[in-house]
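*Asks:* Got a structure for you, written out below as structure tokens; questions coming shortly.
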Amino acid sequence: MPKEIVISEDILRRLYLHKKLSSSQIARINNCTPCCIRYKLHKFKIPIRSVSEAMMVDRGINISQEELKKLYLKKKLSTYKIAKLYRCNEETIRERLHKFGIPIRSKFEANRIYPVYDFDGDLEEKSYLIGFRIGDLWVGLIRKNSQTICVRCSSTRWQQINLIKDLFSSYGHVRINKRDKRGAIKIRCHLNMTFNFLLKKKDDIPKWVYKDNKCFMAFLAGYFDAEGYMGVRKDGTSEWQISSYDKNILHQIYKKLNTLNIKCLKPWLSRKKGYVDELYGRRNNDRWTIGVFRKSSLLCLLDFMGLYLKHPKNIKAMKVVIQNINERDKKFGNLRMN
């Protein structure tokens, strides 16, 4: 009967697990057969490598958990590209991912050409995006059962296109087309499913937004950046207006503003359905408008909503309106301030 080799558990663990030597290499060091080493591994309950892992060791392939996470999760390399870097097969890389507990991308994620990132904004940012989406964006899945959301918009104004780009470019790929025959510029953004709160468009402000004053003002800013206008009229007075086809939302805004002691006029029918728009043609719905005109109400509204405005045109207009009110106060006093 052959004499059993003498090798401690600590030494075997160091050679096999830390130095990544194969059972054949350890056997040569100890002048025995690979079978003897494998017997010792079983005896000491040291996990034996799979066939693919053993092949990686034999070929000198050693990829750490940190390196694999960096390549697969941060750099978004595919298993094919990582396998090519280490001159092994994809199955070997997939086994390593499983071993290290690194989540493998779904079929949809693996087939994405451009990386996408999770929405990481707060409730106020979310409220702004919901308001802006209802006002100006088309949102849907790129195809049925897809896990990629597409955000689209068409505008003749570069400021609007650049605003949309700023809103979504940190989360996914943005593509902007040249002006078409009508002079419109088209923008398309690809996002992941953390933006699914933008998919449904309803003529209704979400309850959680309506109840929270900060979220409501953020929503209103987003909706205003898409549909609103403010400025100084020909008679020298200031105005703030929103015109849209969302009759119910305008009524909700009207009610909420008045509960906050901001005097807003009740929505009125500004254009009946059937009128022809120069850019979009015949409109099939009525267009409604709300407005705030009193100086005190305008200042109060802009004090709250102005914090959330993102459109450069509206930020500039807000400064003009505030300056106009202050100049009128100096010239005429606080007459009809309330």
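FYI, nothing fancy with the structure tokens labels: chains A, B, ... in order, residues from 1 per chain, ligands from 1 as they appear.
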Which residues come within 8 Å of Phe195 of chain A, counting only C-alpha atoms, excluding same-chain residues fewer than 2 positions away, as a list in words?

*Replies:*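 Non-adjacent residues within range: Asp118, Phe119, Ile149, Leu191, Asn192, Met193, Phe197, Leu198 and Leu199 of chain A.
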
*Asks:* Residues of segment 30-216 of chain A in alpha helix (DSSP H) according to DSSP, as a PyMOL selection string?

*Replies:* chain A and resi 34-43+51-58+65-69+79-86+90-99+107-110+123-136+158-168+207-211+213-216

*Asks:* If you keep C-alpha atoms, can you produce a file of those selected residues as an mmCIF file, in the first residue's frame?

*Replies:*
```
data_model
loop_
_atom_site.group_PDB
_atom_site.id
_atom_site.type_symbol
_atom_site.label_atom_id
_atom_site.label_comp_id
_atom_site.auth_asym_id
_atom_site.auth_seq_id
_atom_site.Cartn_x
_atom_site.Cartn_y
_atom_site.Cartn_z
ATOM 1 C CA PRO A 34 -2.996 14.393 -9.099
ATOM 2 C CA CYS A 35 -5.432 11.782 -7.701
ATOM 3 C CA CYS A 36 -3.693 12.006 -4.312
ATOM 4 C CA ILE A 37 -4.093 15.774 -4.290
ATOM 5 C CA ARG A 38 -7.768 15.553 -5.253
ATOM 6 C CA TYR A 39 -8.281 13.021 -2.437
ATOM 7 C CA LYS A 40 -6.761 15.515 0.003
ATOM 8 C CA LEU A 41 -8.976 18.307 -1.348
ATOM 9 C CA HIS A 42 -12.055 16.165 -0.680
ATOM 10 C CA LYS A 43 -10.756 15.198 2.738
ATOM 11 C CA VAL A 51 -13.683 21.731 -15.597
ATOM 12 C CA SER A 52 -13.832 25.226 -17.137
ATOM 13 C CA GLU A 53 -12.195 26.788 -14.058
ATOM 14 C CA ALA A 54 -9.475 24.154 -14.140
ATOM 15 C CA MET A 55 -8.875 24.940 -17.807
ATOM 16 C CA MET A 56 -8.529 28.633 -16.938
ATOM 17 C CA VAL A 57 -5.905 27.793 -14.319
ATOM 18 C CA ASP A 58 -4.023 25.501 -16.720
ATOM 19 C CA GLN A 65 -14.229 39.229 -8.835
ATOM 20 C CA GLU A 66 -13.367 42.936 -8.826
ATOM 21 C CA GLU A 67 -12.028 42.836 -12.384
ATOM 22 C CA LEU A 68 -15.032 40.901 -13.661
ATOM 23 C CA LYS A 69 -17.432 43.354 -12.022
ATOM 24 C CA THR A 79 -19.466 37.781 -21.941
ATOM 25 C CA TYR A 80 -18.224 37.265 -25.505
ATOM 26 C CA LYS A 81 -15.898 40.292 -25.351
ATOM 27 C CA ILE A 82 -14.602 39.363 -21.881
ATOM 28 C CA ALA A 83 -13.966 35.787 -23.025
ATOM 29 C CA LYS A 84 -12.071 37.140 -26.025
ATOM 30 C CA LEU A 85 -9.882 39.266 -23.724
ATOM 31 C CA TYR A 86 -8.972 36.227 -21.610
ATOM 32 C CA GLU A 90 -18.192 32.443 -22.965
ATOM 33 C CA GLU A 91 -19.412 29.613 -20.756
ATOM 34 C CA THR A 92 -16.296 30.003 -18.611
ATOM 35 C CA ILE A 93 -17.067 33.687 -18.054
ATOM 36 C CA ARG A 94 -20.729 32.930 -17.284
ATOM 37 C CA GLU A 95 -19.654 30.345 -14.703
ATOM 38 C CA ARG A 96 -17.426 32.941 -13.067
ATOM 39 C CA LEU A 97 -20.339 35.405 -12.979
ATOM 40 C CA HIS A 98 -22.485 32.800 -11.209
ATOM 41 C CA LYS A 99 -19.685 31.923 -8.816
ATOM 42 C CA LYS A 107 -31.773 39.119 -23.053
ATOM 43 C CA PHE A 108 -33.100 42.664 -23.510
ATOM 44 C CA GLU A 109 -30.202 44.218 -21.621
ATOM 45 C CA ALA A 110 -27.625 42.077 -23.423
ATOM 46 C CA LEU A 123 -40.020 62.808 -5.909
ATOM 47 C CA GLU A 124 -39.837 66.439 -6.991
ATOM 48 C CA GLU A 125 -37.723 65.558 -10.040
ATOM 49 C CA LYS A 126 -40.149 62.742 -10.798
ATOM 50 C CA SER A 127 -43.082 65.165 -10.516
ATOM 51 C CA TYR A 128 -41.408 67.607 -12.916
ATOM 52 C CA LEU A 129 -40.840 64.857 -15.494
ATOM 53 C CA ILE A 130 -44.466 63.675 -15.238
ATOM 54 C CA GLY A 131 -45.695 67.223 -15.833
ATOM 55 C CA PHE A 132 -43.329 67.786 -18.745
ATOM 56 C CA ARG A 133 -44.221 64.391 -20.268
ATOM 57 C CA ILE A 134 -47.976 65.100 -20.178
ATOM 58 C CA GLY A 135 -47.377 68.467 -21.774
ATOM 59 C CA ASP A 136 -44.887 67.746 -24.514
ATOM 60 C CA TRP A 158 -33.757 74.296 -30.298
ATOM 61 C CA GLN A 159 -34.193 75.406 -26.677
ATOM 62 C CA GLN A 160 -36.951 72.819 -26.228
ATOM 63 C CA ILE A 161 -34.851 70.085 -27.859
ATOM 64 C CA ASN A 162 -31.824 70.949 -25.715
ATOM 65 C CA LEU A 163 -33.975 70.888 -22.568
ATOM 66 C CA ILE A 164 -35.170 67.353 -23.354
ATOM 67 C CA LYS A 165 -31.591 66.322 -24.053
ATOM 68 C CA ASP A 166 -30.495 67.731 -20.676
ATOM 69 C CA LEU A 167 -33.328 65.901 -18.897
ATOM 70 C CA PHE A 168 -32.504 62.430 -20.227
ATOM 71 C CA LYS A 207 -52.922 62.084 -6.221
ATOM 72 C CA TRP A 208 -49.536 61.888 -4.483
ATOM 73 C CA VAL A 209 -48.378 64.874 -6.564
ATOM 74 C CA TYR A 210 -51.539 66.905 -5.983
ATOM 75 C CA LYS A 211 -51.453 66.439 -2.183
ATOM 76 C CA ASN A 213 -47.276 71.217 -2.377
ATOM 77 C CA LYS A 214 -43.621 70.855 -3.404
ATOM 78 C CA CYS A 215 -44.357 67.973 -5.763
ATOM 79 C CA PHE A 216 -47.327 69.889 -7.163
#
```

*Asks:* For Cys300 of chain A, please output as a list in words all residues within 12 Å (counting only C-alpha atoms; exclusion window: fewer than 2 positions along the same chain).

*Replies:*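 Counting only the stated atoms, we get Met217, Leu257, Asn258, Leu260, Asn261, Ile262, Lys263, Cys264, Val292, Phe293, Arg294, Lys295, Ser296, Ser297, Leu298, Leu302, Asp303, Phe304, Met305, Gly306, Leu307, Ile322, Ile325, Met337 and Asn338 of chain A.
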
*Asks:* Could you take the residues named above and write them with C-alpha atoms, as a compact mmCIF listing (two decimals), in the first residue's frame?

*Replies:*
```txt
# COMPACT_ATOMS: atom_id res chain seq x y z
CA MET A 217 -45.18 72.95 -7.90
CA LEU A 257 -53.64 77.38 -6.92
CA ASN A 258 -56.68 79.06 -5.43
CA LEU A 260 -52.87 78.25 -1.97
CA ASN A 261 -54.30 81.81 -2.18
CA ILE A 262 -52.95 82.28 -5.70
CA LYS A 263 -55.78 83.85 -7.68
CA CYS A 264 -56.07 81.85 -10.90
CA VAL A 292 -52.78 84.32 -13.32
CA PHE A 293 -52.70 88.13 -13.68
CA ARG A 294 -52.78 89.72 -10.20
CA LYS A 295 -49.38 91.01 -9.06
CA SER A 296 -49.43 89.44 -5.61
CA SER A 297 -50.57 86.09 -7.00
CA LEU A 298 -47.95 86.18 -9.75
CA LEU A 302 -43.24 82.42 -9.22
CA ASP A 303 -41.71 82.29 -5.76
CA PHE A 304 -42.86 78.66 -5.42
CA MET A 305 -42.87 77.36 -9.00
CA GLY A 306 -39.81 79.30 -10.17
CA LEU A 307 -37.52 77.04 -8.12
CA ILE A 322 -40.78 90.04 -11.60
CA ILE A 325 -44.08 94.06 -11.21
CA MET A 337 -51.81 94.33 -5.52
CA ASN A 338 -54.33 91.83 -4.19
```

*Asks:* So what do you get for atom CA of Asn285 of chain A versus atom CA of Asp246 of chain A, distance-wise?

*Replies:*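 Between atom CA of Asn285 of chain A and atom CA of Asp246 of chain A the gap is 9.5 Å.
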
*Asks:* So that I can check the surroundings of Ser8 of chain A, please list as a list in words every protein, DNA and RNA residue that reaches within 12 Å of it, counting only C-alpha atoms and ignoring chain neighbours fewer than 2 positions away.

*Replies:*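 In the requested format, the answer is Ile5, Val6, Asp10, Ile11, Leu12, Arg13, Arg14, Leu15, Asn30, Ile37, Lys40, Leu41, Lys43 and Phe44 of chain A.
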
*Asks:* What gap, in Å, lies between atom CA of Ile102 of chain A and atom CA of His18 of chain A?

*Replies:*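 Answer for the atom CA of Ile102 of chain A to atom CA of His18 of chain A separation: 20.7 Å.
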
*Asks:* Using only C-alpha atoms, which residues sit within 12 Å of Val232 of chain A once same-chain residues fewer than 3 positions away are excluded, as a ChimeraX atom specification?

*Replies:* /A:229,235-241,293,295,317-325,328

*Asks:* Would you write out those residues with C-alpha atoms, as a PDB file, in the first residue's frame?

*Replies:*
```pdb
ATOM      1  CA  TYR A 229     -46.230  81.272 -21.423  1.00  0.00           C
ATOM      2  CA  ASP A 235     -50.621  97.448 -21.773  1.00  0.00           C
ATOM      3  CA  GLY A 236     -47.535  97.002 -19.554  1.00  0.00           C
ATOM      4  CA  THR A 237     -49.073  94.438 -17.200  1.00  0.00           C
ATOM      5  CA  SER A 238     -47.761  90.893 -16.653  1.00  0.00           C
ATOM      6  CA  GLU A 239     -49.444  87.573 -17.339  1.00  0.00           C
ATOM      7  CA  TRP A 240     -48.939  83.832 -16.742  1.00  0.00           C
ATOM      8  CA  GLN A 241     -50.912  81.387 -18.878  1.00  0.00           C
ATOM      9  CA  PHE A 293     -52.697  88.134 -13.676  1.00  0.00           C
ATOM     10  CA  LYS A 295     -49.381  91.011  -9.064  1.00  0.00           C
ATOM     11  CA  ALA A 317     -39.347  85.443 -18.815  1.00  0.00           C
ATOM     12  CA  MET A 318     -39.845  84.983 -15.063  1.00  0.00           C
ATOM     13  CA  LYS A 319     -37.115  87.550 -14.340  1.00  0.00           C
ATOM     14  CA  VAL A 320     -38.748  89.992 -16.781  1.00  0.00           C
ATOM     15  CA  VAL A 321     -42.165  89.548 -15.127  1.00  0.00           C
ATOM     16  CA  ILE A 322     -40.782  90.044 -11.600  1.00  0.00           C
ATOM     17  CA  GLN A 323     -38.889  93.155 -12.751  1.00  0.00           C
ATOM     18  CA  ASN A 324     -42.057  94.489 -14.410  1.00  0.00           C
ATOM     19  CA  ILE A 325     -44.084  94.056 -11.212  1.00  0.00           C
ATOM     20  CA  ARG A 328     -44.922  99.116 -11.544  1.00  0.00           C
TER      21      ARG A 328
END
```

*Asks:* Rank nothing, just name the residue among A:Thr33, A:Asn326, A:Thr289, A:Thr194 nearest to Tyr245 of chain A, using only C-alpha atoms.

*Replies:*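 Comparing A:Thr33, A:Asn326, A:Thr289, A:Thr194 against Tyr245 of chain A, the winner is A:Thr289.
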
*Asks:* From a DSSP pass on the backbone, collect the residues of segment 65-257 of chain A flagged as strand (DSSP E) and hand them back as a ChimeraX atom specification.

*Replies:* /A:138-141,149-155,174-176,185-191,228-232,238-244

*Asks:* Any chance you can output those residues with N, CA and C atoms as a tab-separated table (two decimals), in the first residue's frame?

*Replies:*
```tsv
chain	number	residue	atom	x	y	z
A	138	TRP	N	-44.05	62.21	-26.24
A	138	TRP	CA	-44.63	60.91	-26.53
A	138	TRP	C	-43.73	59.87	-25.89
A	139	VAL	N	-44.33	58.96	-25.13
A	139	VAL	CA	-43.54	57.94	-24.44
A	139	VAL	C	-44.17	56.57	-24.66
A	140	GLY	N	-43.33	55.58	-25.00
A	140	GLY	CA	-43.83	54.21	-25.20
A	140	GLY	C	-42.67	53.23	-25.29
A	141	LEU	N	-43.00	51.94	-25.30
A	141	LEU	CA	-41.97	50.91	-25.48
A	141	LEU	C	-41.53	50.89	-26.94
A	149	ILE	N	-37.70	51.91	-22.96
A	149	ILE	CA	-38.69	52.97	-23.15
A	149	ILE	C	-38.14	54.01	-24.10
A	150	CYS	N	-38.97	54.45	-25.02
A	150	CYS	CA	-38.58	55.48	-25.97
A	150	CYS	C	-39.34	56.77	-25.66
A	151	VAL	N	-38.61	57.87	-25.55
A	151	VAL	CA	-39.21	59.20	-25.35
A	151	VAL	C	-38.96	60.00	-26.63
A	152	ARG	N	-40.04	60.54	-27.21
A	152	ARG	CA	-39.90	61.28	-28.47
A	152	ARG	C	-40.56	62.65	-28.36
A	153	CYS	N	-40.04	63.57	-29.15
A	153	CYS	CA	-40.64	64.89	-29.23
A	153	CYS	C	-40.23	65.55	-30.54
A	154	SER	N	-41.08	66.43	-31.02
A	154	SER	CA	-40.79	67.21	-32.22
A	154	SER	C	-41.06	68.67	-31.92
A	155	SER	N	-40.09	69.54	-32.24
A	155	SER	CA	-40.25	70.96	-31.95
A	155	SER	C	-39.48	71.78	-32.98
A	174	VAL	N	-29.35	59.48	-26.59
A	174	VAL	CA	-30.20	60.52	-27.17
A	174	VAL	C	-29.81	60.74	-28.63
A	175	ARG	N	-30.82	60.74	-29.50
A	175	ARG	CA	-30.57	60.98	-30.92
A	175	ARG	C	-31.40	62.19	-31.38
A	176	ILE	N	-30.75	63.12	-32.08
A	176	ILE	CA	-31.42	64.31	-32.59
A	176	ILE	C	-31.29	64.36	-34.10
A	185	ILE	N	-37.61	69.79	-35.52
A	185	ILE	CA	-36.47	68.97	-35.11
A	185	ILE	C	-37.00	67.83	-34.25
A	186	LYS	N	-36.55	66.61	-34.52
A	186	LYS	CA	-37.02	65.45	-33.76
A	186	LYS	C	-35.93	64.94	-32.83
A	187	ILE	N	-36.34	64.59	-31.62
A	187	ILE	CA	-35.41	64.02	-30.64
A	187	ILE	C	-35.99	62.71	-30.11
A	188	ARG	N	-35.10	61.75	-29.88
A	188	ARG	CA	-35.50	60.43	-29.39
A	188	ARG	C	-34.54	60.01	-28.28
A	189	CYS	N	-35.08	59.54	-27.15
A	189	CYS	CA	-34.26	59.10	-26.02
A	189	CYS	C	-34.67	57.68	-25.63
A	190	HIS	N	-33.68	56.83	-25.34
A	190	HIS	CA	-33.93	55.46	-24.90
A	190	HIS	C	-33.62	55.35	-23.41
A	191	LEU	N	-34.58	54.83	-22.63
A	191	LEU	CA	-34.46	54.72	-21.18
A	191	LEU	C	-34.82	53.32	-20.72
A	228	GLY	N	-46.66	76.34	-21.21
A	228	GLY	CA	-46.98	77.65	-20.67
A	228	GLY	C	-46.32	78.83	-21.34
A	229	TYR	N	-46.80	80.00	-20.94
A	229	TYR	CA	-46.23	81.27	-21.42
A	229	TYR	C	-46.39	82.31	-20.33
A	230	MET	N	-45.37	83.15	-20.15
A	230	MET	CA	-45.52	84.33	-19.30
A	230	MET	C	-44.69	85.47	-19.89
A	231	GLY	N	-45.15	86.67	-19.61
A	231	GLY	CA	-44.46	87.82	-20.15
A	231	GLY	C	-45.22	89.10	-19.84
A	232	VAL	N	-44.81	90.18	-20.50
A	232	VAL	CA	-45.42	91.48	-20.29
A	232	VAL	C	-46.30	91.80	-21.50
A	238	SER	N	-48.34	92.23	-16.48
A	238	SER	CA	-47.76	90.89	-16.65
A	238	SER	C	-48.84	89.82	-16.66
A	239	GLU	N	-48.51	88.69	-17.28
A	239	GLU	CA	-49.44	87.57	-17.34
A	239	GLU	C	-48.70	86.25	-17.26
A	240	TRP	N	-49.42	85.22	-16.80
A	240	TRP	CA	-48.94	83.83	-16.74
A	240	TRP	C	-50.08	82.97	-17.24
A	241	GLN	N	-49.84	82.19	-18.29
A	241	GLN	CA	-50.91	81.39	-18.88
A	241	GLN	C	-50.43	80.00	-19.26
A	242	ILE	N	-51.36	79.06	-19.21
A	242	ILE	CA	-51.14	77.72	-19.76
A	242	ILE	C	-52.32	77.40	-20.66
A	243	SER	N	-52.03	76.98	-21.90
A	243	SER	CA	-53.06	76.54	-22.83
A	243	SER	C	-52.77	75.11	-23.25
A	244	SER	N	-53.79	74.25	-23.15
A	244	SER	CA	-53.60	72.85	-23.55
A	244	SER	C	-54.95	72.20	-23.80
```

*Asks:* Interatomic distance between atom CA of Thr148 of chain A and atom CA of Val116 of chain A?

*Replies:*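 One can read the atom CA of Thr148 of chain A to atom CA of Val116 of chain A distance as 8.9 Å.
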
*Asks:* I'd like to know which of A:Lys144, A:Arg179, A:Lys76, A:Arg87 is closest to Arg105 of chain A, using only C-alpha atoms.

*Replies:*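 Closest to Arg105 of chain A, using only C-alpha atoms: A:Lys76.
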
*Asks:* Within 12 Å of Arg282 of chain A, counting only C-alpha atoms, which residues show up once you throw out same-chain ones fewer than 5 positions away? Write them as a PDB file with C-alpha atoms, in the first residue's frame, please.

*Replies:*
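Output contents, as saved in selection30.pdb:
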```pdb
ATOM      1  CA  ARG A 271     -60.077  77.484 -29.323  1.00  0.00           C
ATOM      2  CA  LYS A 272     -62.768  75.086 -30.437  1.00  0.00           C
ATOM      3  CA  LYS A 273     -61.904  71.752 -31.986  1.00  0.00           C
ATOM      4  CA  GLY A 274     -61.505  71.781 -35.745  1.00  0.00           C
ATOM      5  CA  TYR A 275     -59.161  74.747 -35.950  1.00  0.00           C
ATOM      6  CA  VAL A 276     -56.048  74.305 -38.122  1.00  0.00           C
ATOM      7  CA  ASP A 277     -52.595  74.529 -36.551  1.00  0.00           C
TER       8      ASP A 277
END
```
